[in-house]
file data_1.txt (compact mmCIF, C-alpha atoms and all ligand atoms)
# COMPACT_ATOMS: atom_id res chain seq x y z
CA MET U 1316 17.62 15.12 -11.21
CA LYS U 1317 17.01 13.62 -7.82
CA GLY U 1318 15.53 10.15 -7.56
CA LEU U 1319 15.92 8.23 -10.82
CA LEU U 1320 19.53 7.42 -10.43
CA ALA U 1321 22.07 4.70 -10.42
CA LEU U 1322 23.21 3.55 -7.04
CA THR U 1323 26.34 3.29 -5.07
CA GLY U 1324 25.18 0.75 -2.51
CA ALA U 1325 23.97 -2.83 -2.61
CA ALA U 1326 21.75 -4.80 -0.27
CA ILE U 1327 23.23 -5.09 3.17
CA SER U 1328 23.46 -8.56 4.64
CA ALA U 1329 21.72 -9.42 7.87
CA ALA U 1330 25.15 -9.68 9.49
CA ALA U 1331 25.68 -5.96 8.99
CA LEU U 1332 22.61 -5.20 11.11
CA ALA U 1333 22.51 -3.65 14.56
CA VAL U 1334 23.28 0.03 14.53
CA ALA U 1335 21.35 2.28 16.91
CA ALA U 1336 19.04 -0.11 18.68
CA VAL U 1337 15.98 1.40 20.44
CA PRO U 1338 15.49 0.28 23.13
CA ALA U 1339 18.93 -1.14 23.83
CA GLY U 1340 19.36 -4.80 23.10
CA ALA U 1341 17.79 -5.37 19.70
CA GLN U 1342 17.08 -9.02 19.33
CA PRO U 1343 18.21 -11.43 16.66
CA ALA U 1344 16.11 -12.56 13.69
CA GLY U 1345 12.65 -13.86 14.42
CA GLY U 1346 13.00 -12.60 17.95
CA VAL U 1347 10.30 -14.39 19.93
CA GLY U 1348 10.56 -13.80 23.63
CA SER U 1349 11.83 -10.31 24.34
CA GLY U 1350 9.94 -7.05 23.81
CA PRO U 1351 9.58 -4.97 20.66
CA SER U 1352 12.79 -3.45 19.27
CA ILE U 1353 14.08 -1.40 16.37
CA ALA U 1354 17.47 -1.28 14.66
CA LYS U 1355 18.92 0.77 11.83
CA GLU U 1356 21.46 -0.03 9.11
CA PRO U 1357 22.61 1.66 5.92
CA PHE U 1358 20.93 0.45 2.71
CA GLY U 1359 23.03 2.24 0.13
CA ALA U 1360 22.67 5.63 -1.53
CA LEU U 1361 21.10 7.24 -4.57
CA ALA U 1362 23.44 8.42 -7.33
CA ASP U 1363 23.27 11.98 -6.01
CA GLY U 1364 24.71 10.69 -2.73
CA THR U 1365 21.50 10.74 -0.70
CA LYS U 1366 21.84 7.96 1.85
CA VAL U 1367 19.10 5.43 2.41
CA ASP U 1368 18.61 3.52 5.66
CA ARG U 1369 16.76 0.37 6.52
CA TYR U 1370 15.01 -0.04 9.86
CA THR U 1371 14.12 -3.42 11.30
CA LEU U 1372 11.17 -3.50 13.67
CA THR U 1373 10.69 -6.64 15.72
CA SER U 1374 7.55 -7.37 17.73
CA GLY U 1375 9.14 -9.90 20.07
CA LYS U 1376 6.26 -12.20 19.15
CA GLY U 1377 7.51 -13.43 15.80
CA VAL U 1378 6.80 -10.54 13.42
CA ARG U 1379 9.70 -8.63 11.91
CA VAL U 1380 9.28 -5.76 9.45
CA ARG U 1381 11.97 -4.04 7.41
CA ILE U 1382 11.25 -0.49 6.28
CA LEU U 1383 13.34 1.64 3.92
CA THR U 1384 13.62 5.41 4.17
CA TYR U 1385 13.39 5.32 0.35
CA GLY U 1386 9.66 5.47 -0.43
CA GLY U 1387 8.83 4.40 3.14
CA ILE U 1388 8.86 0.94 1.60
CA VAL U 1389 7.95 -2.15 3.61
CA GLN U 1390 10.67 -4.35 2.16
CA THR U 1391 10.04 -7.54 4.10
CA LEU U 1392 7.47 -8.65 6.66
CA GLU U 1393 8.08 -11.93 8.38
CA ALA U 1394 5.14 -13.55 10.14
CA PRO U 1395 4.81 -16.92 11.88
CA ASP U 1396 2.44 -19.73 10.92
CA ALA U 1397 0.57 -21.76 13.54
CA ARG U 1398 3.71 -23.82 14.26
CA GLY U 1399 5.84 -20.71 14.65
CA ARG U 1400 7.60 -21.01 11.28
CA THR U 1401 8.15 -17.58 9.81
CA ALA U 1402 8.00 -16.56 6.17
CA ASN U 1403 8.35 -13.22 4.44
CA VAL U 1404 4.76 -12.51 3.35
CA VAL U 1405 5.29 -9.38 1.21
CA LEU U 1406 6.67 -8.98 -2.29
CA GLY U 1407 9.69 -6.78 -2.84
CA PHE U 1408 13.26 -6.49 -4.04
CA ALA U 1409 16.61 -7.33 -2.45
CA THR U 1410 18.46 -4.14 -3.36
CA LEU U 1411 17.94 -0.38 -3.43
CA LYS U 1412 18.99 -0.40 -7.08
CA ASP U 1413 16.08 -2.70 -7.93
CA TYR U 1414 13.64 -0.42 -6.08
CA VAL U 1415 14.91 2.63 -7.97
CA ASP U 1416 15.06 0.93 -11.37
CA LYS U 1417 12.05 -1.40 -11.24
CA ASN U 1418 9.47 -0.30 -8.66
CA GLY U 1419 7.87 2.39 -10.86
CA GLY U 1420 5.37 -0.17 -12.18
CA PRO U 1421 4.47 -2.38 -9.22
CA TYR U 1422 5.05 0.06 -6.30
CA PHE U 1423 5.96 -2.87 -3.99
CA GLY U 1424 5.49 -1.93 -0.33
CA ALA U 1425 5.66 1.82 -0.92
CA ILE U 1426 3.88 4.82 0.55
CA ILE U 1427 1.71 6.24 -2.21
CA GLY U 1428 1.01 9.97 -2.51
CA ARG U 1429 -0.01 12.60 -3.08
CA TYR U 1430 -2.92 10.80 -4.66
CA ALA U 1431 -3.15 7.02 -4.41
CA ASN U 1432 -4.91 5.38 -7.38
CA ARG U 1433 -6.15 7.09 -10.54
CA ILE U 1434 -7.24 10.60 -11.48
CA ALA U 1435 -9.03 10.61 -14.84
CA LYS U 1436 -6.92 12.12 -17.60
CA GLY U 1437 -4.67 13.48 -14.83
CA ARG U 1438 -6.89 16.52 -14.51
CA PHE U 1439 -9.01 18.08 -11.78
CA THR U 1440 -10.48 21.48 -10.96
CA LEU U 1441 -10.33 22.92 -7.45
CA ASP U 1442 -11.75 26.33 -6.48
CA GLY U 1443 -12.09 27.20 -10.18
CA LYS U 1444 -8.52 26.35 -11.11
CA THR U 1445 -7.65 23.36 -13.29
CA TYR U 1446 -4.54 21.29 -12.57
CA GLN U 1447 -2.93 18.97 -15.12
CA LEU U 1448 -0.93 16.06 -13.69
CA ALA U 1449 1.46 13.73 -15.47
CA ILE U 1450 -0.20 10.95 -17.47
CA ASN U 1451 1.76 7.92 -16.28
CA ASN U 1452 -0.95 5.29 -16.75
CA ASP U 1453 -2.36 6.20 -20.13
CA PRO U 1454 -4.76 8.05 -20.27
CA ASN U 1455 -4.75 8.69 -16.51
CA SER U 1456 -2.50 9.76 -13.66
CA LEU U 1457 -1.66 6.97 -11.21
CA HIS U 1458 -0.23 6.92 -7.68
CA GLY U 1459 1.01 10.52 -7.48
CA GLY U 1460 2.63 10.89 -10.90
CA LEU U 1461 6.15 10.47 -12.24
CA LYS U 1462 8.00 10.88 -8.95
CA GLY U 1463 5.49 10.17 -6.25
CA PHE U 1464 6.05 9.65 -2.54
CA ASN U 1465 7.26 6.13 -3.36
CA THR U 1466 10.48 7.66 -4.73
CA LYS U 1467 11.23 10.13 -1.93
CA VAL U 1468 13.79 9.64 0.82
CA TRP U 1469 11.86 10.22 4.05
CA LYS U 1470 13.33 11.63 7.25
CA ALA U 1471 13.14 8.84 9.83
CA GLN U 1472 12.88 8.87 13.57
CA PRO U 1473 12.34 5.80 15.79
CA VAL U 1474 9.52 6.12 18.31
CA SER U 1475 8.60 3.72 21.07
CA GLY U 1476 6.35 3.33 24.08
CA GLY U 1477 3.30 1.48 25.28
CA GLY U 1478 4.57 -2.00 24.40
CA SER U 1479 5.19 -1.12 20.78
CA VAL U 1480 7.93 0.20 18.58
CA GLY U 1481 7.62 2.54 15.66
CA LEU U 1482 9.20 4.55 12.91
CA ARG U 1483 8.07 8.06 12.11
CA LEU U 1484 8.70 9.17 8.53
CA ASP U 1485 8.43 12.79 7.39
CA TYR U 1486 8.39 14.28 3.93
CA THR U 1487 7.46 17.80 2.87
CA SER U 1488 6.24 17.93 -0.69
CA PRO U 1489 6.87 21.41 -2.13
CA ASP U 1490 4.06 23.52 -3.58
CA GLY U 1491 3.56 22.46 -7.20
CA GLU U 1492 5.38 19.14 -6.94
CA GLU U 1493 3.98 16.85 -9.63
CA ASN U 1494 1.67 19.84 -10.34
CA TYR U 1495 -0.32 19.41 -7.14
CA PRO U 1496 -1.06 22.70 -5.34
CA GLY U 1497 0.13 23.47 -1.80
CA THR U 1498 3.10 22.55 0.36
CA LEU U 1499 2.08 19.20 1.80
CA LYS U 1500 3.72 18.25 5.09
CA THR U 1501 3.30 14.52 5.45
CA THR U 1502 4.03 12.17 8.32
CA VAL U 1503 3.62 8.41 8.09
CA THR U 1504 4.19 6.43 11.28
CA TYR U 1505 4.63 2.67 11.23
CA THR U 1506 4.02 1.04 14.62
CA LEU U 1507 4.58 -2.63 15.39
CA THR U 1508 2.92 -3.92 18.53
CA LYS U 1509 3.73 -6.95 20.65
CA GLY U 1510 0.33 -8.22 19.46
CA ASN U 1511 1.86 -8.58 15.95
CA GLU U 1512 -0.07 -5.65 14.51
CA LEU U 1513 1.47 -3.22 12.07
CA ARG U 1514 -0.32 0.12 12.28
CA VAL U 1515 0.21 2.77 9.62
CA ALA U 1516 -0.89 6.29 10.58
CA TYR U 1517 -0.97 9.07 7.99
CA HIS U 1518 -1.04 12.79 8.78
CA ALA U 1519 -0.85 15.68 6.32
CA THR U 1520 -1.37 19.45 6.32
CA THR U 1521 -1.22 22.00 3.52
CA ASP U 1522 -0.80 25.74 3.00
CA LYS U 1523 -3.12 25.86 -0.06
CA ALA U 1524 -6.24 23.91 -0.98
CA THR U 1525 -5.22 20.58 -2.50
CA VAL U 1526 -6.28 16.94 -2.86
CA VAL U 1527 -4.78 14.08 -0.85
CA ASN U 1528 -5.15 10.30 -0.85
CA LEU U 1529 -2.48 8.28 0.94
CA THR U 1530 -1.96 4.53 1.17
CA ASN U 1531 0.60 1.78 1.46
CA HIS U 1532 1.06 -0.48 -1.56
CA SER U 1533 2.21 -3.77 -0.03
CA TYR U 1534 1.55 -6.97 -1.95
CA PHE U 1535 0.97 -10.01 0.24
CA ASN U 1536 1.40 -13.71 -0.24
CA LEU U 1537 0.62 -15.36 3.09
CA ALA U 1538 2.29 -18.62 2.02
CA GLY U 1539 5.51 -16.68 1.53
CA GLU U 1540 6.83 -14.33 -1.15
CA GLY U 1541 8.00 -16.21 -4.23
CA THR U 1542 6.11 -19.42 -3.43
CA GLY U 1543 3.54 -19.11 -6.24
CA GLY U 1544 -0.01 -17.88 -6.60
CA ILE U 1545 -2.50 -16.46 -4.11
CA TYR U 1546 -5.69 -17.67 -5.81
CA ASP U 1547 -6.31 -20.20 -3.04
CA HIS U 1548 -6.21 -17.52 -0.32
CA LEU U 1549 -9.64 -16.90 1.20
CA LEU U 1550 -10.69 -13.25 1.15
CA GLN U 1551 -13.47 -11.58 3.06
CA LEU U 1552 -14.27 -7.89 2.51
CA ASN U 1553 -16.61 -5.83 4.65
CA ALA U 1554 -18.10 -4.21 1.58
CA SER U 1555 -21.61 -4.60 0.17
CA ARG U 1556 -20.83 -2.19 -2.68
CA PHE U 1557 -17.96 -1.46 -5.04
CA THR U 1558 -17.17 1.22 -7.59
CA PRO U 1559 -17.40 -0.26 -11.13
CA VAL U 1560 -14.91 1.15 -13.62
CA ASP U 1561 -14.60 1.95 -17.32
CA SER U 1562 -12.01 0.32 -19.59
CA THR U 1563 -9.30 2.68 -18.20
CA LEU U 1564 -10.12 1.68 -14.60
CA ILE U 1565 -11.75 5.01 -13.76
CA PRO U 1566 -14.95 4.66 -11.67
CA THR U 1567 -18.19 5.29 -13.49
CA GLY U 1568 -19.48 7.09 -10.38
CA GLN U 1569 -21.89 4.31 -9.51
CA LEU U 1570 -21.82 2.55 -6.12
CA ALA U 1571 -22.96 -0.89 -7.26
CA PRO U 1572 -24.13 -3.72 -4.99
CA VAL U 1573 -21.76 -6.72 -4.98
CA LYS U 1574 -24.61 -9.16 -4.37
CA GLY U 1575 -24.84 -11.80 -7.08
CA THR U 1576 -21.51 -10.79 -8.68
CA PRO U 1577 -17.91 -12.11 -8.49
CA PHE U 1578 -17.27 -9.04 -6.33
CA ASP U 1579 -19.24 -10.38 -3.41
CA PHE U 1580 -16.65 -11.14 -0.74
CA THR U 1581 -18.98 -10.39 2.16
CA ARG U 1582 -18.44 -14.07 3.01
CA PRO U 1583 -14.99 -15.64 2.48
CA HIS U 1584 -14.23 -16.79 -1.08
CA ALA U 1585 -11.02 -18.04 -2.63
CA ILE U 1586 -9.54 -15.18 -4.66
CA GLY U 1587 -9.38 -17.40 -7.74
CA GLU U 1588 -12.82 -18.94 -7.39
CA ARG U 1589 -14.57 -16.50 -9.73
CA ILE U 1590 -11.63 -14.66 -11.31
CA ARG U 1591 -12.16 -16.42 -14.65
CA VAL U 1592 -15.88 -15.64 -14.86
CA GLY U 1593 -16.63 -13.77 -18.11
CA ASP U 1594 -17.53 -10.56 -16.30
CA GLN U 1595 -16.89 -7.19 -18.00
CA GLN U 1596 -15.46 -5.66 -14.81
CA LEU U 1597 -12.97 -8.52 -14.42
CA LEU U 1598 -12.03 -8.16 -18.08
CA TYR U 1599 -11.28 -4.46 -17.61
CA GLY U 1600 -8.94 -5.20 -14.70
CA GLN U 1601 -7.58 -8.50 -16.06
CA GLY U 1602 -8.79 -9.74 -12.68
CA TYR U 1603 -9.68 -7.78 -9.56
CA ASP U 1604 -8.45 -4.18 -9.59
CA HIS U 1605 -11.38 -2.41 -7.97
CA ASN U 1606 -12.27 -0.14 -5.11
CA PHE U 1607 -14.67 -1.57 -2.55
CA VAL U 1608 -16.91 0.71 -0.51
CA LEU U 1609 -16.44 -0.31 3.11
CA ASP U 1610 -19.52 -0.73 5.26
CA GLN U 1611 -18.39 1.87 7.77
CA ARG U 1612 -20.44 2.49 10.89
CA ARG U 1613 -19.32 6.10 11.00
CA PRO U 1614 -16.97 7.91 8.59
CA GLY U 1615 -13.44 8.12 9.97
CA GLU U 1616 -13.99 5.44 12.61
CA PRO U 1617 -11.73 2.34 12.45
CA THR U 1618 -13.71 -0.31 10.60
CA GLN U 1619 -13.13 -3.95 9.79
CA ALA U 1620 -12.05 -3.95 6.12
CA ALA U 1621 -10.55 -7.27 5.03
CA ARG U 1622 -9.56 -10.68 6.30
CA VAL U 1623 -7.38 -13.03 4.29
CA THR U 1624 -6.51 -16.62 5.20
CA ASP U 1625 -3.96 -18.85 3.54
CA PRO U 1626 -5.36 -22.38 3.88
CA ARG U 1627 -1.93 -24.00 3.54
CA SER U 1628 0.09 -22.14 6.18
CA GLY U 1629 -2.91 -21.02 8.25
CA ARG U 1630 -1.59 -17.45 8.30
CA VAL U 1631 -4.29 -14.82 8.66
CA LEU U 1632 -4.08 -11.13 7.78
CA ASN U 1633 -6.76 -8.84 9.17
CA ILE U 1634 -7.06 -5.22 8.08
CA THR U 1635 -8.97 -2.42 9.78
CA THR U 1636 -8.99 1.16 8.57
CA THR U 1637 -10.48 4.61 9.04
CA GLU U 1638 -10.58 5.03 5.23
CA PRO U 1639 -13.88 4.68 3.33
CA GLY U 1640 -12.52 2.36 0.62
CA ILE U 1641 -10.10 -0.43 -0.19
CA GLN U 1642 -8.60 -1.31 -3.57
CA PHE U 1643 -8.40 -5.05 -4.04
CA TYR U 1644 -5.80 -5.77 -6.72
CA SER U 1645 -5.05 -9.42 -7.52
CA GLY U 1646 -1.56 -8.83 -8.92
CA ASN U 1647 -2.82 -8.96 -12.51
CA PHE U 1648 0.04 -7.06 -14.09
CA LEU U 1649 2.85 -9.12 -12.57
CA ASP U 1650 4.08 -10.76 -15.74
CA GLY U 1651 7.16 -12.81 -14.95
CA THR U 1652 9.63 -10.00 -15.71
CA LEU U 1653 10.64 -9.16 -12.12
CA VAL U 1654 12.87 -11.15 -9.78
CA GLY U 1655 11.84 -10.65 -6.17
CA THR U 1656 13.52 -10.50 -2.77
CA SER U 1657 14.42 -14.19 -2.55
CA GLY U 1658 15.49 -14.53 -6.18
CA ARG U 1659 12.21 -15.96 -7.48
CA VAL U 1660 10.25 -14.56 -10.43
CA TYR U 1661 6.86 -12.93 -9.82
CA ARG U 1662 4.09 -14.03 -12.18
CA GLN U 1663 0.45 -12.99 -12.48
CA GLY U 1664 -1.43 -13.57 -9.22
CA ASP U 1665 1.70 -14.17 -7.12
CA GLY U 1666 0.63 -11.46 -4.67
CA PHE U 1667 -2.40 -9.34 -3.87
CA ALA U 1668 -2.68 -5.76 -2.66
CA LEU U 1669 -5.37 -4.32 -0.39
CA GLU U 1670 -4.92 -0.55 -0.52
CA THR U 1671 -6.98 1.38 2.02
CA GLN U 1672 -7.94 4.67 0.45
CA HIS U 1673 -10.46 7.27 -0.61
CA PHE U 1674 -12.11 6.25 -3.86
CA PRO U 1675 -10.23 6.58 -7.16
CA ASP U 1676 -10.81 9.81 -9.11
CA SER U 1677 -12.61 11.47 -6.18
CA PRO U 1678 -11.51 14.97 -7.30
CA ASN U 1679 -13.77 14.50 -10.36
CA GLN U 1680 -16.58 12.62 -8.63
CA PRO U 1681 -18.83 14.96 -6.63
CA ASN U 1682 -20.71 12.03 -5.06
CA PHE U 1683 -17.62 10.36 -3.57
CA PRO U 1684 -16.25 11.30 -0.13
CA SER U 1685 -14.11 14.40 -0.60
CA THR U 1686 -10.31 14.26 -0.85
CA VAL U 1687 -9.93 18.05 -0.63
CA LEU U 1688 -7.61 19.31 2.11
CA ARG U 1689 -7.53 23.00 3.02
CA PRO U 1690 -5.16 25.11 5.11
CA GLY U 1691 -6.01 24.77 8.79
CA GLN U 1692 -7.34 21.24 8.32
CA ALA U 1693 -5.46 17.99 8.88
CA PHE U 1694 -5.67 14.77 6.92
CA ASP U 1695 -5.51 11.86 9.35
CA SER U 1696 -6.04 8.19 8.66
CA ALA U 1697 -4.91 4.88 10.09
CA THR U 1698 -4.78 1.30 8.87
CA THR U 1699 -3.87 -1.74 10.96
CA TYR U 1700 -2.58 -5.03 9.55
CA SER U 1701 -2.80 -7.84 12.14
CA PHE U 1702 -0.98 -11.12 11.66
CA SER U 1703 -2.06 -14.35 13.29
CA ALA U 1704 -2.28 -18.05 12.43
CA ARG U 1705 -4.72 -20.88 12.93
C1 LIG U 1801 -3.61 -0.32 -9.40
C2 LIG U 1801 -3.22 -1.28 -10.48
C3 LIG U 1801 -1.75 -1.13 -10.72
C4 LIG U 1801 -1.03 -1.40 -9.43
C5 LIG U 1801 0.45 -1.23 -9.55
C6 LIG U 1801 -2.87 -0.69 -8.18
O1 LIG U 1801 -3.19 0.18 -7.13
O2 LIG U 1801 -4.99 -0.30 -9.18
O3 LIG U 1801 -3.93 -1.04 -11.66
O4 LIG U 1801 -1.31 -2.01 -11.71
O5 LIG U 1801 -1.49 -0.55 -8.43
O6 LIG U 1801 0.77 -0.01 -10.10
call {"tool": "encode", "arguments": {"input": "data_1.txt", "output": "structure tokens"}}
result
Amino acid sequence: MKGLLALTGAAISAAALAVAAVPAGAQPAGGVGSGPSIAKEPFGALADGTKVDRYTLTSGKGVRVRILTYGGIVQTLEAPDARGRTANVVLGFATLKDYVDKNGGPYFGAIIGRYANRIAKGRFTLDGKTYQLAINNDPNSLHGGLKGFNTKVWKAQPVSGGGSVGLRLDYTSPDGEENYPGTLKTTVTYTLTKGNELRVAYHATTDKATVVNLTNHSYFNLAGEGTGGIYDHLLQLNASRFTPVDSTLIPTGQLAPVKGTPFDFTRPHAIGERIRVGDQQLLYGQGYDHNFVLDQRRPGEPTQAARVTDPRSGRVLNITTTEPGIQFYSGNFLDGTLVGTSGRVYRQGDGFALETQHFPDSPNQPNFPSTVLRPGQAFDSATTYSFSAR
């Protein structure tokens, strides 16, 4: 039983940092001034002895990201406000043990695969064969099943060049894992630029026809993790349509216009402004938990997706993606039962996720962009998160 295990290691203090710096001369915390750098440190081990590492990527312009080889998790992401004060703007846990024991519900910061979001009743048919996946979000399958990519220890390799620094993560999912067909070779590369952009590039190939939908499941709070709610953050989405859902959060198949609904974020609105409107879709999600159809110019071309501003700190997050959709989730199921990275409790609405993706349940929705991947083809997608302040 690999994965769901007790741990032998605890969180490593910042003082223990600085193993294998690439390029030489990794800079101290915050690190404004010098160029991008990356450093590695141990982050404990799973009960079967598998070691987990933590990589710290620094932009040299105030952004610092910590990534775990467990789940490819973005553990912390520090970004400056307009006065240069940094805060960790993503939700997470302090220890590997917490990620193993408690991240099965929220998926903080993790790479999600093989299929991000829901597949109705965990079932789909491909080339005449029906596949039954684990039902882990009754009555559906969510985020890759019982032991998705968020629980795997990825092989890591630092990469650098062109004024940026990166971490390449590889995982080969065996044929039949979580009942998905095909051996899926997956590479996720995180790149941090000196322009304070975090780029996530996904690449996958298969040896049998299969379905793939990959994303990163970071929750943001631009005022700082653990500081309270995000309902005052202003959100703009480049989406004139969304995919309404049924009571189990499976799309009805309709691409509905957002105009005149609480789902219209084509101009900036505070996240909380309309979240208490008596709208059936908001009731189903207990808030926003919906896929938005991005107004792409051309499929597969990087497109402006979302812009979020925190009026208090002035921090701005801008997201572009090659994916056709984005799940906006307003942290509805955070219920005060988890203690986060800095020791504070997460309550409903204390973070939001913007998951770039193909639409939920695409394998059962002939009118949605296809998520089928065949031998000889490659799945490639990229999402960029840019951090600035005003
Ligand atoms: C889903 C939510 C779920 C959350 C954490 C989101 O992608 O849409 O319904 O609660 O992930 O699992």
call {"tool": "closest_residue", "arguments": {"input": "data_1.txt", "among": "U:Gly1640, U:Gly1375, U:Gly1539, U:Pro1473", "to": "U:Glu1393", "atoms": "only C-alpha atoms"}}
result
U:Gly1539
call {"tool": "closest_atom_pairs", "arguments": {"input": "data_1.txt", "of": "chain U", "to": "ligand LIG 1801 (chain U)", "cutoff": "7 Å", "atoms": "all atoms listed in the file", "output": "tab-separated table"}}
result
residue	atom	partner	partner_atom	distance
U:Gly1420	CA	U:LIG1801	O6	5.1
U:Pro1421	CA	U:LIG1801	C5	4.2
U:Tyr1422	CA	U:LIG1801	O6	5.7
U:Asn1432	CA	U:LIG1801	O1	5.5
U:Asp1604	CA	U:LIG1801	O2	5.2
U:His1605	CA	U:LIG1801	O2	6.8
U:Gln1642	CA	U:LIG1801	O1	6.6
U:Tyr1644	CA	U:LIG1801	C6	6.0
U:Phe1648	CA	U:LIG1801	O4	5.7
U:Glu1670	CA	U:LIG1801	O1	6.9
call {"tool": "closest_residue", "arguments": {"input": "data_1.txt", "among": "U:Phe1557, U:Tyr1700, U:Phe1408, U:Trp1469", "to": "U:Thr1365", "atoms": "all atoms listed in the file"}}
result
U:Trp1469
call {"tool": "closest_residue", "arguments": {"input": "data_1.txt", "among": "U:Asp1610, U:Asp1442, U:Asp1368, U:Asp1561", "to": "U:Leu1598", "atoms": "all atoms listed in the file"}}
result
U:Asp1561
call {"tool": "closest_residue", "arguments": {"input": "data_1.txt", "among": "U:Arg1613, U:His1673, U:Lys1574, U:Lys1444", "to": "U:Arg1429", "atoms": "all atoms listed in the file"}}
result
U:His1673
call {"tool": "residues_around", "arguments": {"input": "data_1.txt", "residues": "U:Ala1693", "least_positions_apart": "4", "cutoff": "9 Å", "atoms": "all atoms listed in the file", "output": "list in words"}}
result
His1518, Ala1519, Thr1520, Thr1521, Leu1688 and Arg1689 of chain U
call {"tool": "atom_distance", "arguments": {"input": "data_1.txt", "atom1": "atom CA of U:Lys1467", "atom2": "atom CA of U:Phe1423"}}
result
14.2 Å
call {"tool": "closest_residue", "arguments": {"input": "data_1.txt", "among": "U:Pro1617, U:Gly1407, U:Gly1651, U:Gly1437", "to": "U:Asn1452", "atoms": "all atoms listed in the file"}}
result
U:Gly1437
call {"tool": "closest_residue", "arguments": {"input": "data_1.txt", "among": "U:Pro1357, U:Pro1639, U:Gly1593, U:Pro1566", "to": "U:Pro1678", "atoms": "all atoms listed in the file"}}
result
U:Pro1566
call {"tool": "axis_aligned_box", "arguments": {"input": "data_1.txt", "around": "stretch 1537-1543 of chain U", "padding_each_side": "3 Å", "output": "AutoDock Vina command-line options"}}
result
--center_x 4.3 --center_y -16.9 --center_z -1.6 --size_x 13.4 --size_y 11.1 --size_z 15.3
call {"tool": "residues_near_point", "arguments": {"input": "data_1.txt", "point": "(10.8, -2.2, -6.6)", "cutoff": "10 Å", "atoms": "all atoms listed in the file", "output": "list in words"}}
result
Gly1386, Ile1388, Gln1390, Leu1406, Gly1407, Phe1408, Ala1409, Thr1410, Leu1411, Lys1412, Asp1413, Tyr1414, Val1415, Asp1416, Lys1417, Asn1418, Gly1419, Gly1420, Pro1421, Tyr1422, Phe1423, Gly1424, Ala1425, Asn1465, Leu1653, Val1654, Gly1655 and Thr1656 of chain U
call {"tool": "write_last_selection", "arguments": {"input": "data_1.txt", "atoms": "C-alpha atoms", "output": "CSV table (one decimal), keeping the file's coordinate frame"}}
result
chain,number,residue,atom,x,y,z
U,1386,GLY,CA,9.7,5.5,-0.4
U,1388,ILE,CA,8.9,0.9,1.6
U,1390,GLN,CA,10.7,-4.4,2.2
U,1406,LEU,CA,6.7,-9.0,-2.3
U,1407,GLY,CA,9.7,-6.8,-2.8
U,1408,PHE,CA,13.3,-6.5,-4.0
U,1409,ALA,CA,16.6,-7.3,-2.4
U,1410,THR,CA,18.5,-4.1,-3.4
U,1411,LEU,CA,17.9,-0.4,-3.4
U,1412,LYS,CA,19.0,-0.4,-7.1
U,1413,ASP,CA,16.1,-2.7,-7.9
U,1414,TYR,CA,13.6,-0.4,-6.1
U,1415,VAL,CA,14.9,2.6,-8.0
U,1416,ASP,CA,15.1,0.9,-11.4
U,1417,LYS,CA,12.0,-1.4,-11.2
U,1418,ASN,CA,9.5,-0.3,-8.7
U,1419,GLY,CA,7.9,2.4,-10.9
U,1420,GLY,CA,5.4,-0.2,-12.2
U,1421,PRO,CA,4.5,-2.4,-9.2
U,1422,TYR,CA,5.0,0.1,-6.3
U,1423,PHE,CA,6.0,-2.9,-4.0
U,1424,GLY,CA,5.5,-1.9,-0.3
U,1425,ALA,CA,5.7,1.8,-0.9
U,1465,ASN,CA,7.3,6.1,-3.4
U,1653,LEU,CA,10.6,-9.2,-12.1
U,1654,VAL,CA,12.9,-11.2,-9.8
U,1655,GLY,CA,11.8,-10.6,-6.2
U,1656,THR,CA,13.5,-10.5,-2.8
call {"tool": "residues_around", "arguments": {"input": "data_1.txt", "residues": "U:Phe1674", "least_positions_apart": "4", "cutoff": "12 Å", "atoms": "all atoms listed in the file", "output": "count of residues only"}}
result
41
call {"tool": "atom_distance", "arguments": {"input": "data_1.txt", "atom1": "atom CA of U:Val1404", "atom2": "atom CA of U:Ala1538"}}
result
6.7 Å
